[in-house]
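As structure tokens, the structure follows; a few thoughts come after it.
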Amino acid sequence: MTGYVLKRAGDPLRVALDWRRGYLRPDECVASPEGCDVHPARGGDPSLAVTTTDHDDDRTRLTLEGGRAG
């Protein structure tokens with residue numbers, strides 16, 4: 001899955017990914033949140049990072065921190 005998130009520089013942002021919305025079959029569940037990563041736009045601040053992750057059967061939650069204004 002690829003997505004876009006806009007956040008304020010300096011403020012952490014908690015994001016929830018709901019995998020039931022088109023990504024999991026009824027008999028599937030989230031086994032691990034590993035693999036969540038961010039890739040800043042070209043010229044973006046490399047300090048932007050995923051700092052926490054957790055999950056349940058349907059969702060992955062992550063916290064994004066860092067980044068710069070602009």
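Chain labels A, B, ... are given in the sequence in which chains occur in the structure tokens; within each chain residues are numbered consecutively from 1, and ligands are likewise numbered from 1 in the order shown.
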
Excluding stretch 58-70 of chain A and any residue of its chain fewer than 5 positions from it, enumerate the residues within 7 Å of it, using only C-alpha atoms, and give them as a list in words.
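Skipping anything fewer than 5 positions along the chain leaves Ala9, Gly10, Asp11, Pro12, Leu13, Arg14, Val15, Ala16, Leu17, Asp18, Trp19, Arg20, Cys29, Val30, Pro33, Asp45, Ser47, Leu48, Ala49, Val50, Thr51, Thr52 and Thr53 of chain A.
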
So how many Å separate atom CA of A:Cys36 and atom CA of A:Asp56, to one decimal?
14.7 Å

Atom CA of A:Ala31 to atom CA of A:Leu6: how many Å, to one decimal?
26.7 Å

When distances are computed from only C-alpha atoms, which of A:His55, A:Arg21, A:Lys7, A:Thr2 shows the smallest separation from A:His39?
A:Thr2
